[in-house]
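To be precise, the following lines are coords_34.cif, and they hold mmCIF, C-alpha atoms (C1' of nucleotides).
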```
data_model
#
loop_
_atom_site.label_atom_id
_atom_site.label_comp_id
_atom_site.auth_asym_id
_atom_site.auth_seq_id
_atom_site.Cartn_x
_atom_site.Cartn_y
_atom_site.Cartn_z
CA MET A 1 47.42 -62.71 11.65
CA TYR A 2 46.14 -62.83 8.12
CA GLU A 3 48.64 -65.45 7.03
CA GLN A 4 47.04 -67.86 9.46
CA LEU A 5 43.61 -67.23 7.99
CA ILE A 6 44.90 -67.60 4.43
CA LYS A 7 46.56 -70.87 5.33
CA TYR A 8 43.41 -72.06 7.03
CA ILE A 9 41.26 -71.25 4.01
CA GLU A 10 43.65 -72.92 1.59
CA GLN A 11 43.89 -76.04 3.68
CA ASN A 12 40.21 -76.43 4.36
CA SER A 13 38.95 -75.61 0.90
CA ALA A 14 41.85 -77.39 -0.82
CA VAL A 15 42.25 -74.44 -3.18
CA HIS A 16 45.26 -72.23 -3.71
CA LEU A 17 44.56 -68.51 -3.44
CA ASN A 18 46.01 -66.04 -5.94
CA LYS A 19 47.30 -62.56 -5.13
CA ASP A 20 44.03 -60.86 -5.93
CA GLU A 21 42.05 -63.16 -3.74
CA ILE A 22 44.41 -62.72 -0.86
CA GLU A 23 44.10 -59.00 -1.33
CA ILE A 24 40.33 -59.28 -1.14
CA ILE A 25 40.55 -61.26 2.05
CA TYR A 26 42.80 -58.65 3.59
CA ASN A 27 40.25 -56.00 2.73
CA ASN A 28 37.22 -57.77 4.09
CA PHE A 29 38.36 -58.98 7.47
CA ILE A 30 38.83 -56.63 10.38
CA PRO A 31 41.43 -57.55 13.00
CA LYS A 32 40.38 -57.07 16.60
CA LYS A 33 41.63 -57.92 20.05
CA PHE A 34 39.31 -59.06 22.83
CA ARG A 35 40.31 -58.97 26.46
CA ARG A 36 39.27 -61.77 28.75
CA ARG A 37 35.53 -61.45 29.51
CA GLN A 38 34.94 -58.97 26.72
CA PHE A 39 31.79 -59.64 24.72
CA LEU A 40 31.70 -60.37 21.02
CA LEU A 41 27.92 -60.64 21.30
CA GLN A 42 25.28 -60.18 23.98
CA GLU A 43 21.79 -61.59 24.18
CA GLY A 44 19.31 -59.43 22.31
CA GLU A 45 21.86 -58.04 19.88
CA VAL A 46 22.07 -59.03 16.26
CA CYS A 47 25.32 -60.85 15.52
CA LYS A 48 27.05 -58.54 13.05
CA TYR A 49 30.28 -60.46 12.65
CA VAL A 50 31.69 -63.90 12.58
CA ALA A 51 35.17 -64.07 14.00
CA PHE A 52 38.04 -66.30 13.00
CA ILE A 53 40.10 -66.96 16.09
CA VAL A 54 43.78 -66.43 15.44
CA LYS A 55 44.78 -66.89 19.06
CA GLY A 56 42.81 -67.32 22.24
CA ALA A 57 39.53 -68.92 23.27
CA MET A 58 35.89 -67.88 23.34
CA ARG A 59 32.66 -69.35 24.60
CA GLN A 60 29.05 -69.11 23.53
CA TYR A 61 26.34 -69.53 26.13
CA SER A 62 22.78 -68.83 27.13
CA ILE A 63 21.62 -67.67 30.54
CA ASP A 64 18.46 -69.20 31.95
CA GLU A 65 15.76 -67.63 34.11
CA LYS A 66 17.71 -68.55 37.25
CA GLY A 67 20.78 -66.76 35.98
CA LYS A 68 22.75 -69.89 35.19
CA GLU A 69 25.06 -70.06 32.20
CA HIS A 70 24.77 -72.92 29.74
CA ILE A 71 27.70 -73.31 27.39
CA VAL A 72 26.53 -74.22 23.90
CA GLY A 73 29.88 -73.77 22.21
CA LEU A 74 33.59 -73.38 22.83
CA CYS A 75 36.08 -72.17 20.27
CA ILE A 76 39.84 -71.88 20.14
CA GLU A 77 42.46 -71.14 17.47
CA ASN A 78 41.32 -71.80 13.93
CA TRP A 79 37.66 -71.98 14.86
CA TRP A 80 34.91 -69.54 14.10
CA ALA A 81 32.93 -67.71 16.73
CA GLY A 82 29.52 -66.21 16.10
CA ASP A 83 25.84 -67.02 16.35
CA ARG A 84 24.89 -68.47 13.00
CA GLU A 85 21.19 -68.02 13.55
CA SER A 86 21.38 -64.35 14.45
CA PHE A 87 24.03 -63.69 11.83
CA THR A 88 22.22 -65.23 8.88
CA LYS A 89 18.69 -64.22 9.80
CA GLU A 90 19.71 -60.87 11.29
CA THR A 91 17.53 -61.49 14.32
CA PRO A 92 18.36 -60.80 17.98
CA SER A 93 20.51 -63.54 19.41
CA GLY A 94 19.60 -65.65 22.41
CA TYR A 95 23.25 -66.12 23.26
CA PHE A 96 26.26 -64.42 24.71
CA ILE A 97 29.71 -64.83 23.23
CA ASP A 98 32.73 -63.64 25.14
CA ALA A 99 36.46 -64.13 25.28
CA TRP A 100 37.63 -66.62 27.87
CA GLU A 101 41.23 -65.74 27.23
CA ASN A 102 42.63 -62.61 25.65
CA THR A 103 41.87 -63.33 22.05
CA ASP A 104 42.91 -62.08 18.61
CA VAL A 105 40.34 -62.46 15.88
CA LEU A 106 39.68 -61.52 12.29
CA MET A 107 36.07 -60.48 11.90
CA ILE A 108 33.91 -60.25 8.83
CA SER A 109 30.47 -58.68 8.45
CA LYS A 110 27.60 -60.28 6.63
CA ASN A 111 27.81 -57.99 3.62
CA ASN A 112 31.50 -58.53 3.29
CA LEU A 113 31.05 -62.25 3.60
CA VAL A 114 28.53 -62.25 0.77
CA ASN A 115 30.92 -60.24 -1.38
CA LEU A 116 33.79 -62.47 -0.47
CA ALA A 117 31.85 -65.56 -1.42
CA LYS A 118 31.17 -64.04 -4.84
CA SER A 119 34.72 -63.03 -5.59
CA VAL A 120 36.65 -65.84 -3.92
CA PRO A 121 35.28 -69.28 -4.80
CA ALA A 122 37.37 -70.92 -2.09
CA ALA A 123 35.57 -68.84 0.51
CA ALA A 124 32.17 -69.94 -0.73
CA GLU A 125 33.36 -73.52 -0.74
CA LEU A 126 34.74 -73.17 2.76
CA SER A 127 31.56 -71.65 4.06
CA LYS A 128 29.64 -74.66 2.84
CA ILE A 129 32.11 -77.08 4.33
CA LEU A 130 31.90 -75.33 7.67
CA ASP A 131 28.12 -75.46 7.71
CA GLU A 132 28.29 -79.15 6.98
CA ARG A 133 30.80 -79.80 9.71
CA GLN A 134 28.82 -77.74 12.13
CA ALA A 135 25.67 -79.74 11.40
CA ILE A 136 27.56 -82.99 11.79
CA ALA A 137 29.16 -82.00 15.08
CA LEU A 138 25.88 -80.75 16.49
CA LEU A 139 23.99 -83.91 15.60
CA ARG A 140 26.58 -85.90 17.47
CA ARG A 141 26.16 -83.63 20.41
CA VAL A 142 22.40 -83.97 20.38
CA ASN A 143 22.75 -87.71 20.25
CA SER A 144 25.18 -87.69 23.11
CA ALA A 145 22.95 -85.37 25.15
CA ILE A 146 19.81 -87.47 24.77
CA SER A 147 21.43 -90.90 24.82
CA TYR A 148 24.28 -90.92 27.27
CA SER A 149 24.88 -90.65 30.99
CA ALA A 150 27.16 -88.02 32.47
CA ASP A 151 30.28 -90.19 32.43
CA GLN A 152 29.69 -91.34 28.88
CA ARG A 153 29.32 -87.75 27.76
CA LEU A 154 32.65 -86.92 29.35
CA ALA A 155 34.29 -89.87 27.66
CA GLU A 156 32.90 -88.71 24.33
CA LEU A 157 34.29 -85.23 24.84
CA GLU A 158 37.70 -86.56 25.79
CA LYS A 159 37.76 -88.43 22.50
CA THR A 160 36.29 -85.72 20.29
CA TYR A 161 37.84 -82.53 21.62
CA PRO A 162 40.68 -83.42 23.99
CA GLU A 163 42.12 -79.94 23.39
CA PHE A 164 39.26 -78.39 25.35
CA LEU A 165 40.09 -80.03 28.66
CA PRO A 166 43.36 -78.30 29.47
CA ARG A 167 42.05 -75.07 28.00
CA PHE A 168 38.92 -74.41 30.02
CA PRO A 169 38.21 -74.79 33.73
CA GLN A 170 36.04 -77.67 34.77
CA HIS A 171 32.92 -75.70 35.49
CA ILE A 172 32.93 -74.58 31.85
CA ILE A 173 33.44 -78.11 30.59
CA ALA A 174 30.72 -79.32 32.92
CA SER A 175 28.27 -76.78 31.60
CA TYR A 176 29.19 -77.69 28.04
CA LEU A 177 28.38 -81.28 28.88
CA GLY A 178 25.09 -80.38 30.53
CA MET A 179 26.03 -81.23 34.10
CA THR A 180 27.22 -79.41 37.20
CA LYS A 181 30.86 -78.91 38.14
CA GLU A 182 30.35 -81.11 41.20
CA THR A 183 29.11 -83.98 39.08
CA LEU A 184 32.00 -83.61 36.68
CA SER A 185 34.44 -83.56 39.56
CA ARG A 186 33.00 -86.76 41.01
CA ILE A 187 32.92 -88.52 37.67
CA ARG A 188 36.54 -87.71 37.06
CA SER A 189 37.75 -88.96 40.42
CA THR A 190 35.82 -92.23 40.31
CA GLY A 191 36.56 -92.68 36.62
CA LEU A 192 40.28 -92.94 37.26
CA LYS A 193 40.09 -95.69 39.86
CA LYS A 194 38.54 -98.30 37.60
CA MET B 195 5.70 -86.37 -6.97
CA TYR B 196 8.28 -84.33 -8.79
CA GLU B 197 6.08 -81.26 -8.95
CA GLN B 198 6.17 -81.08 -5.18
CA LEU B 199 9.96 -81.17 -5.16
CA ILE B 200 10.19 -78.54 -7.89
CA LYS B 201 7.86 -76.29 -5.99
CA TYR B 202 9.82 -76.85 -2.81
CA ILE B 203 13.11 -75.96 -4.49
CA GLU B 204 11.69 -72.84 -6.10
CA GLN B 205 10.17 -71.63 -2.87
CA ASN B 206 13.15 -72.28 -0.69
CA SER B 207 15.82 -71.01 -3.03
CA ALA B 208 13.64 -68.14 -4.31
CA VAL B 209 14.67 -68.95 -7.87
CA HIS B 210 12.51 -69.91 -10.80
CA LEU B 211 13.59 -73.08 -12.59
CA ASN B 212 13.66 -73.29 -16.36
CA LYS B 213 12.67 -76.32 -18.44
CA ASP B 214 16.19 -77.65 -18.70
CA GLU B 215 16.75 -77.45 -14.99
CA ILE B 216 13.50 -79.20 -14.27
CA GLU B 217 14.52 -81.87 -16.72
CA ILE B 218 17.81 -82.33 -14.87
CA ILE B 219 16.00 -82.67 -11.59
CA TYR B 220 13.73 -85.33 -13.03
CA ASN B 221 16.77 -87.23 -14.21
CA ASN B 222 18.69 -87.13 -10.97
CA PHE B 223 16.11 -88.07 -8.38
CA ILE B 224 14.84 -91.61 -8.02
CA PRO B 225 11.30 -92.09 -6.71
CA LYS B 226 10.86 -94.81 -4.13
CA LYS B 227 8.19 -96.06 -1.76
CA PHE B 228 9.00 -97.19 1.77
CA ARG B 229 6.60 -99.32 3.80
CA ARG B 230 6.20 -98.66 7.48
CA ARG B 231 9.31 -99.93 9.34
CA GLN B 232 11.34 -100.26 6.17
CA PHE B 233 14.91 -98.98 6.48
CA LEU B 234 16.40 -96.18 4.45
CA LEU B 235 19.64 -96.70 6.32
CA GLN B 236 21.00 -99.06 8.95
CA GLU B 237 23.85 -98.59 11.36
CA GLY B 238 27.17 -99.50 9.79
CA GLU B 239 26.05 -98.76 6.24
CA VAL B 240 27.20 -95.75 4.26
CA CYS B 241 24.31 -93.41 3.57
CA LYS B 242 24.10 -93.45 -0.24
CA TYR B 243 21.07 -91.24 -0.67
CA VAL B 244 19.32 -88.29 0.81
CA ALA B 245 15.58 -88.51 0.45
CA PHE B 246 13.07 -85.74 -0.03
CA ILE B 247 9.87 -86.81 1.66
CA VAL B 248 6.89 -86.30 -0.60
CA LYS B 249 4.45 -87.98 1.72
CA GLY B 250 4.86 -89.86 4.97
CA ALA B 251 7.16 -89.72 7.97
CA MET B 252 10.58 -91.10 8.87
CA ARG B 253 12.75 -91.18 11.94
CA GLN B 254 16.49 -91.25 12.52
CA TYR B 255 17.80 -92.89 15.66
CA SER B 256 20.70 -94.58 17.36
CA ILE B 257 20.54 -97.71 19.46
CA ASP B 258 22.60 -97.83 22.64
CA GLU B 259 24.37 -100.75 24.27
CA LYS B 260 21.20 -101.66 26.17
CA GLY B 261 19.20 -101.83 22.97
CA LYS B 262 17.31 -98.63 23.54
CA GLU B 263 16.41 -96.35 20.66
CA HIS B 264 17.27 -92.65 20.82
CA ILE B 265 15.52 -90.50 18.25
CA VAL B 266 17.85 -87.84 16.89
CA GLY B 267 15.58 -86.68 14.10
CA LEU B 268 12.04 -86.83 12.79
CA CYS B 269 11.00 -85.86 9.30
CA ILE B 270 7.72 -85.45 7.50
CA GLU B 271 6.55 -84.04 4.16
CA ASN B 272 8.93 -81.54 2.59
CA TRP B 273 11.81 -82.51 4.83
CA TRP B 274 14.97 -84.35 3.94
CA ALA B 275 15.95 -87.67 5.46
CA GLY B 276 19.51 -88.95 5.48
CA ASP B 277 22.60 -89.01 7.66
CA ARG B 278 24.63 -85.98 6.63
CA GLU B 279 27.80 -87.21 8.23
CA SER B 280 27.79 -90.59 6.55
CA PHE B 281 26.57 -89.14 3.27
CA THR B 282 29.16 -86.42 2.92
CA LYS B 283 32.13 -88.28 4.39
CA GLU B 284 31.10 -91.66 2.96
CA THR B 285 31.74 -93.31 6.28
CA PRO B 286 29.61 -95.96 8.04
CA SER B 287 26.68 -94.38 9.80
CA GLY B 288 25.95 -94.67 13.49
CA TYR B 289 22.25 -94.27 12.88
CA PHE B 290 19.20 -96.05 11.62
CA ILE B 291 16.63 -94.32 9.47
CA ASP B 292 13.31 -95.98 8.83
CA ALA B 293 9.81 -95.12 7.70
CA TRP B 294 7.34 -94.58 10.50
CA GLU B 295 4.48 -94.36 8.05
CA ASN B 296 4.31 -95.65 4.50
CA THR B 297 6.37 -93.01 2.79
CA ASP B 298 7.01 -91.74 -0.73
CA VAL B 299 10.39 -90.18 -1.33
CA LEU B 300 12.58 -88.82 -4.09
CA MET B 301 16.15 -89.91 -3.52
CA ILE B 302 19.40 -88.57 -4.87
CA SER B 303 22.87 -90.05 -4.70
CA LYS B 304 25.97 -88.13 -3.79
CA ASN B 305 27.33 -88.06 -7.33
CA ASN B 306 24.06 -86.89 -8.72
CA LEU B 307 23.79 -84.23 -6.08
CA VAL B 308 27.22 -82.89 -6.97
CA ASN B 309 26.24 -82.80 -10.65
CA LEU B 310 22.96 -81.19 -9.84
CA ALA B 311 24.64 -78.48 -7.81
CA LYS B 312 26.87 -77.70 -10.79
CA SER B 313 24.12 -77.50 -13.37
CA VAL B 314 21.30 -76.04 -11.30
CA PRO B 315 22.39 -73.04 -9.25
CA ALA B 316 19.17 -73.07 -7.27
CA ALA B 317 20.04 -76.55 -6.02
CA ALA B 318 23.44 -75.43 -4.80
CA GLU B 319 21.86 -72.47 -3.13
CA LEU B 320 19.23 -74.66 -1.52
CA SER B 321 21.80 -77.10 -0.27
CA LYS B 322 23.57 -74.28 1.51
CA ILE B 323 20.37 -72.94 3.00
CA LEU B 324 19.46 -76.37 4.30
CA ASP B 325 22.84 -76.84 5.95
CA GLU B 326 22.44 -73.50 7.63
CA ARG B 327 18.95 -74.27 8.86
CA GLN B 328 20.08 -77.64 10.07
CA ALA B 329 22.91 -76.09 12.06
CA ILE B 330 20.57 -73.50 13.54
CA ALA B 331 17.94 -76.04 14.53
CA LEU B 332 20.52 -78.35 16.06
CA LEU B 333 22.12 -75.63 18.15
CA ARG B 334 18.73 -74.82 19.57
CA ARG B 335 18.24 -78.43 20.38
CA VAL B 336 21.60 -78.69 22.09
CA ASN B 337 20.79 -75.63 24.13
CA SER B 338 17.44 -77.05 25.08
CA ALA B 339 18.97 -80.41 25.98
CA ILE B 340 21.64 -78.98 28.26
CA SER B 341 19.65 -76.10 29.71
CA TYR B 342 16.09 -77.16 30.24
CA SER B 343 14.09 -79.53 32.39
CA ALA B 344 11.81 -82.14 30.87
CA ASP B 345 8.70 -79.97 30.91
CA GLN B 346 10.50 -77.00 29.41
CA ARG B 347 11.82 -79.19 26.62
CA LEU B 348 8.29 -80.32 25.85
CA ALA B 349 7.05 -76.74 25.81
CA GLU B 350 9.82 -75.85 23.40
CA LEU B 351 8.87 -78.69 21.07
CA GLU B 352 5.22 -77.71 21.15
CA LYS B 353 6.21 -74.26 20.00
CA THR B 354 8.83 -75.26 17.46
CA TYR B 355 7.38 -78.34 15.81
CA PRO B 356 3.71 -78.65 16.81
CA GLU B 357 3.16 -80.77 13.71
CA PHE B 358 5.17 -83.61 15.26
CA LEU B 359 2.86 -84.21 18.18
CA PRO B 360 -0.18 -85.59 16.38
CA ARG B 361 2.08 -87.40 13.92
CA PHE B 362 4.18 -89.60 16.18
CA PRO B 363 3.26 -91.65 19.25
CA GLN B 364 4.35 -90.36 22.59
CA HIS B 365 7.17 -92.80 23.14
CA ILE B 366 8.81 -91.46 19.98
CA ILE B 367 8.35 -87.85 21.04
CA ALA B 368 9.68 -88.71 24.49
CA SER B 369 12.79 -90.25 23.03
CA TYR B 370 13.28 -87.26 20.76
CA LEU B 371 13.15 -85.07 23.85
CA GLY B 372 15.58 -87.26 25.75
CA MET B 373 13.16 -88.60 28.33
CA THR B 374 11.10 -91.75 28.88
CA LYS B 375 7.53 -92.16 27.77
CA GLU B 376 6.43 -92.37 31.41
CA THR B 377 7.98 -89.02 32.19
CA LEU B 378 6.38 -87.44 29.14
CA SER B 379 3.03 -88.87 30.11
CA ARG B 380 3.29 -87.44 33.61
CA ILE B 381 4.43 -84.05 32.41
CA ARG B 382 1.54 -83.81 30.03
CA SER B 383 -1.07 -84.69 32.62
CA THR B 384 0.22 -82.34 35.31
CA GLY B 385 0.94 -79.65 32.76
CA LEU B 386 -2.70 -79.34 31.82
CA LYS B 387 -4.00 -78.87 35.35
CA LYS B 388 -2.19 -75.61 35.97
"C1'" DC C 389 48.99 -62.66 54.34
"C1'" DG C 390 44.66 -62.57 52.53
"C1'" DC C 391 41.94 -62.77 48.46
"C1'" DG C 392 39.61 -64.91 44.46
"C1'" DG C 393 38.89 -68.45 41.33
"C1'" DG C 394 38.75 -73.07 40.81
"C1'" DT C 395 38.12 -77.71 42.70
"C1'" DT C 396 36.68 -81.16 45.96
"C1'" DT C 397 33.78 -83.38 49.40
"C1'" DG C 398 29.65 -84.29 51.96
"C1'" DA C 399 24.73 -84.30 53.09
"C1'" DT C 400 20.30 -83.86 51.32
"C1'" DG C 401 16.73 -83.78 48.00
"C1'" DA C 402 14.51 -83.44 43.46
"C1'" DT C 403 14.10 -85.05 39.05
"C1'" DG C 404 13.49 -88.46 36.11
"C1'" DC C 405 14.33 -93.69 35.28
"C1'" DT C 406 13.06 -98.61 35.91
"C1'" DC C 407 10.03 -102.12 36.40
"C1'" DA C 408 5.52 -103.72 36.71
"C1'" DA C 409 0.72 -103.62 36.27
"C1'" DG C 410 -3.49 -102.12 34.28
"C1'" DC C 411 -6.20 -99.59 30.91
"C1'" DC C 412 -7.88 -98.12 26.41
"C1'" DC C 413 -8.88 -98.94 21.79
"C1'" DG C 414 -8.80 -100.52 17.16
"C1'" DG C 415 -8.05 -104.66 14.48
"C1'" DT C 416 -8.45 -109.67 13.68
"C1'" DG C 417 -10.23 -114.06 13.69
"C1'" DG C 418 -13.25 -117.54 15.53
"C1'" DC D 419 -20.77 -110.54 18.01
"C1'" DC D 420 -17.39 -111.38 21.08
"C1'" DA D 421 -12.76 -112.76 22.59
"C1'" DC D 422 -8.42 -111.81 22.14
"C1'" DC D 423 -4.35 -109.41 20.97
"C1'" DG D 424 -0.94 -105.73 20.38
"C1'" DG D 425 0.39 -101.13 20.60
"C1'" DG D 426 0.16 -97.21 22.98
"C1'" DC D 427 -0.79 -94.67 27.18
"C1'" DT D 428 -1.16 -94.18 32.19
"C1'" DT D 429 -0.21 -94.98 37.06
"C1'" DG D 430 2.38 -96.39 41.02
"C1'" DA D 431 6.36 -97.71 43.97
"C1'" DG D 432 11.12 -97.77 44.55
"C1'" DC D 433 15.48 -96.32 43.11
"C1'" DA D 434 19.55 -94.19 40.63
"C1'" DT D 435 21.43 -90.30 38.99
"C1'" DC D 436 22.42 -85.94 39.30
"C1'" DA D 437 21.47 -81.12 41.27
"C1'" DT D 438 21.70 -78.16 45.20
"C1'" DC D 439 23.71 -76.09 49.02
"C1'" DA D 440 27.37 -75.57 52.11
"C1'" DA D 441 31.92 -76.00 53.66
"C1'" DA D 442 36.66 -76.68 53.08
"C1'" DC D 443 40.69 -76.82 50.42
"C1'" DC D 444 44.20 -75.46 47.09
"C1'" DC D 445 47.10 -72.30 44.90
"C1'" DG D 446 48.71 -68.38 42.27
"C1'" DC D 447 48.91 -63.50 42.94
"C1'" DG D 448 48.74 -58.82 44.62
#
```

Is it possible to give me this structure as structure tokens?
Amino acid sequence: MYEQLIKYIEQNSAVHLNKDEIEIIYNNFIPKKFRRRQFLLQEGEVCKYVAFIVKGAMRQYSIDEKGKEHIVGLCIENWWAGDRESFTKETPSGYFIDAWENTDVLMISKNNLVNLAKSVPAAAELSKILDERQAIALLRRVNSAISYSADQRLAELEKTYPEFLPRFPQHIIASYLGMTKETLSRIRSTGLKK
Amino acid sequence: MYEQLIKYIEQNSAVHLNKDEIEIIYNNFIPKKFRRRQFLLQEGEVCKYVAFIVKGAMRQYSIDEKGKEHIVGLCIENWWAGDRESFTKETPSGYFIDAWENTDVLMISKNNLVNLAKSVPAAAELSKILDERQAIALLRRVNSAISYSADQRLAELEKTYPEFLPRFPQHIIASYLGMTKETLSRIRSTGLKK
DNA sequence: CGCGGGTTTGATGATGCTCAAGCCCGGTGG
DNA sequence: CCACCGGGCTTGAGCATCATCAAACCCGCG
């Protein structure tokens, strides 16, 4: 499990880790298994950990006053799951995060992450890169949400994250795109004809 | 102008700057005035600078195939304007950024920002904090866009950024919220009656 | 075989968009 | 001083898109 994380950090920060650093990483991340449907975080809780997904898939969503789920994020292998807002500000989260598949993760707490950033420069670097990427991806999503029609949003997703489509059922994808499963179904069937 | 930036950096990074650091900041930021409607960035260009807004207001938007503007971001005093994606990856931007009011900014190039981060720890710290905040704000906006109806989105904006409403005309606010000015107008009038 | 989750299809309706007209108001120029 | 203009805001009628609700289907699995 850890090898995958080490490799990920080295690749994404473009830094080679020495023995000591690897040791530190081993000591700061906690391995954990989530069964399908098990929660990493529930609304109202403070997000104590961010989780590196070694294998599996998770989703982050809110539930509105009518009880409907709205998927704000999906994550699979080599992504990070966690509510940044709750994690950094230590405030109650407005989101749920649960495992969509049985999932293996490596989790790190806030304190440990701060320590890690101090002692392993690559980790600090990586953290910054991830924040940047996150901000970039989210701005694209905002643009797509306010600018495009349902079928354009689907087309965008197919281009940006094709790996999501086989991985999650359509009602999840639909929610992620801000539409109903019925609409997604119709778009897909008519989309192919043209 | 610079005093405002210094103050901003000190407050947001919670670090006091020494003379040398202040000197470095003076040397790395370029002051510039934008007239109303003047572009900081146009679609297809690489975003060379991020701009700290000392006074005024700017907007960031895309233009779709029908020629309609979609506002992805608004910024006023003590905010930063710039397309993060284009700036960090040095790729052509998909957005326009222009001044909505006559605006005074302090701009910094990518190279200078990298240098600054090396020599002024507070700047590096700040940069990280801003990325975090950006990611947090954008996730909220995504959630709002995919979960809420037009009137709920307006309510959210009124709570989150009340300072925008008197500052920008309604058709700008409407676009920011992903609706038409007519819809916004109707929501506002019926909203008050209740 | 029956069950449950996922997907599709259809009918209906609400929400929000489009297009068009009119209004308000501050600014400009005759 | 008034006429006119432009930008912004409002209002209305008709329409497109998408949501809702309901039913049926499909298929892997116990």

What residues come out when you apply the PyMOL selection byres ((chain C) within 9 of (chain A)) to this file, written as a VMD selection string? chain C and resid 394 to 396

Selection to disk with C-alpha atoms (C1' of nucleotides), as a compact mmCIF listing (two decimals), in the frame of the given file:
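Contents of selection_26.txt, as written:
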```
# COMPACT_ATOMS: atom_id res chain seq x y z
C1' DG C 394 38.75 -73.07 40.81
C1' DT C 395 38.12 -77.71 42.70
C1' DT C 396 36.68 -81.16 45.96
```

Distance limit 9 Å, atoms considered: all atoms listed in the file. Which chain A residues sit that close to chain B? Return them as a ChimeraX atom specification. /A:61-64,68-73,83-85,88,127-128,131-143,145-148,175-179

Contacts of Thr297 (chain B) at 10 Å or less, counting only C-alpha atoms (C1' of nucleotides), minus same-chain residues fewer than 5 places along, as a ChimeraX atom specification? /B:226-232,247-252,270-271,292

Just the residues within 10 Å of Tyr8 (chain A), please, counting all atoms listed in the file, with nothing from its chain fewer than 6 positions along; format it as a PDB file with C-alpha atoms, keeping the file's coordinate frame.
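Once written, selection_33.pdb looks like this:
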```pdb
ATOM      1  CA  TYR A   2      46.140 -62.830   8.120  1.00  0.00           C
ATOM      2  CA  ALA A  14      41.850 -77.390  -0.820  1.00  0.00           C
ATOM      3  CA  PHE A  52      38.040 -66.300  13.000  1.00  0.00           C
ATOM      4  CA  ASN A  78      41.320 -71.800  13.930  1.00  0.00           C
ATOM      5  CA  TRP A  79      37.660 -71.980  14.860  1.00  0.00           C
ATOM      6  CA  LEU A 126      34.740 -73.170   2.760  1.00  0.00           C
TER       7      LEU A 126
END
```

Under the PyMOL selection byres ((chain D) within 12 of (chain B)), which residues of this model are included? Write them out as an MDAnalysis selection string. chainID D and resid 425:430 437

Which is closest to Val50 (chain A) among A:Thr160, A:Asn111, A:Thr91, A:Ser149, if we use only C-alpha atoms? A:Asn111

Could you write out as a CSV table (one decimal) with C-alpha atoms (C1' of nucleotides), keeping the file's coordinate frame the residues that the PyMOL selection byres ((chain C and resi 414) around 10) matches in the shown file?
```csv
chain,number,residue,atom,x,y,z
C,412,DC,C1',-7.9,-98.1,26.4
C,413,DC,C1',-8.9,-98.9,21.8
C,415,DG,C1',-8.0,-104.7,14.5
C,416,DT,C1',-8.4,-109.7,13.7
D,424,DG,C1',-0.9,-105.7,20.4
D,425,DG,C1',0.4,-101.1,20.6
```

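Residues lying at most 12 Å from (11.0, -96.7, 42.5) in file coordinates, with all atoms listed in the file considered, are DG404, DC405, DT406, DC407 and DA408 of chain C; DG430, DA431, DG432, DC433 and DA434 of chain D.
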
What separation in Å, quoted to one decimal, exists between CA of Ser303 (chain B) and CA of His210 (chain B)? 23.5 Å

Between CA of Ile187 (chain A) and C1' of DC436 (chain D), what is the distance in Å, rounded to a tenth? 10.9 Å

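Take CA of Ile24 (chain A) and CA of Met107 (chain A): the distance between them is 13.8 Å.
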
Determine the nearest neighbour of DT435 (chain D) from the options C:DG392, C:DG410, C:DG418, C:DA402, counting all atoms listed in the file. C:DA402

To box region 218-221 of chain B, take all atoms listed in the file, fit an axis-aligned box, add 5 Å on each side, and give centre and edge lengths in Å to one decimal, as JSON.
```
{"center_x": 15.8, "center_y": -84.8, "center_z": -13.2, "size_x": 14.1, "size_y": 14.9, "size_z": 13.3}
```

Starting from the incomplete input, reconstruct N, CA and C atoms of region 147-154 of chain A and report them as an mmCIF file, in the coordinates of the input.
```cif
data_model
loop_
_atom_site.group_PDB
_atom_site.id
_atom_site.type_symbol
_atom_site.label_atom_id
_atom_site.label_comp_id
_atom_site.auth_asym_id
_atom_site.auth_seq_id
_atom_site.Cartn_x
_atom_site.Cartn_y
_atom_site.Cartn_z
ATOM 1 N N SER A 147 21.227 -89.450 24.707
ATOM 2 C CA SER A 147 21.430 -90.900 24.820
ATOM 3 C C SER A 147 22.309 -91.311 25.997
ATOM 4 N N TYR A 148 23.237 -90.457 26.375
ATOM 5 C CA TYR A 148 24.280 -90.920 27.270
ATOM 6 C C TYR A 148 24.165 -90.371 28.685
ATOM 7 N N SER A 149 24.784 -91.099 29.608
ATOM 8 C CA SER A 149 24.880 -90.650 30.990
ATOM 9 C C SER A 149 26.057 -89.682 31.111
ATOM 10 N N ALA A 150 26.146 -89.047 32.260
ATOM 11 C CA ALA A 150 27.160 -88.020 32.470
ATOM 12 C C ALA A 150 28.572 -88.546 32.163
ATOM 13 N N ASP A 151 28.907 -89.723 32.638
ATOM 14 C CA ASP A 151 30.280 -90.190 32.430
ATOM 15 C C ASP A 151 30.535 -90.567 30.968
ATOM 16 N N GLN A 152 29.512 -91.043 30.298
ATOM 17 C CA GLN A 152 29.690 -91.340 28.880
ATOM 18 C C GLN A 152 29.883 -90.068 28.067
ATOM 19 N N ARG A 153 29.164 -89.011 28.468
ATOM 20 C CA ARG A 153 29.320 -87.750 27.760
ATOM 21 C C ARG A 153 30.729 -87.210 27.931
ATOM 22 N N LEU A 154 31.268 -87.358 29.130
ATOM 23 C CA LEU A 154 32.650 -86.920 29.350
ATOM 24 C C LEU A 154 33.616 -87.716 28.489
#
```
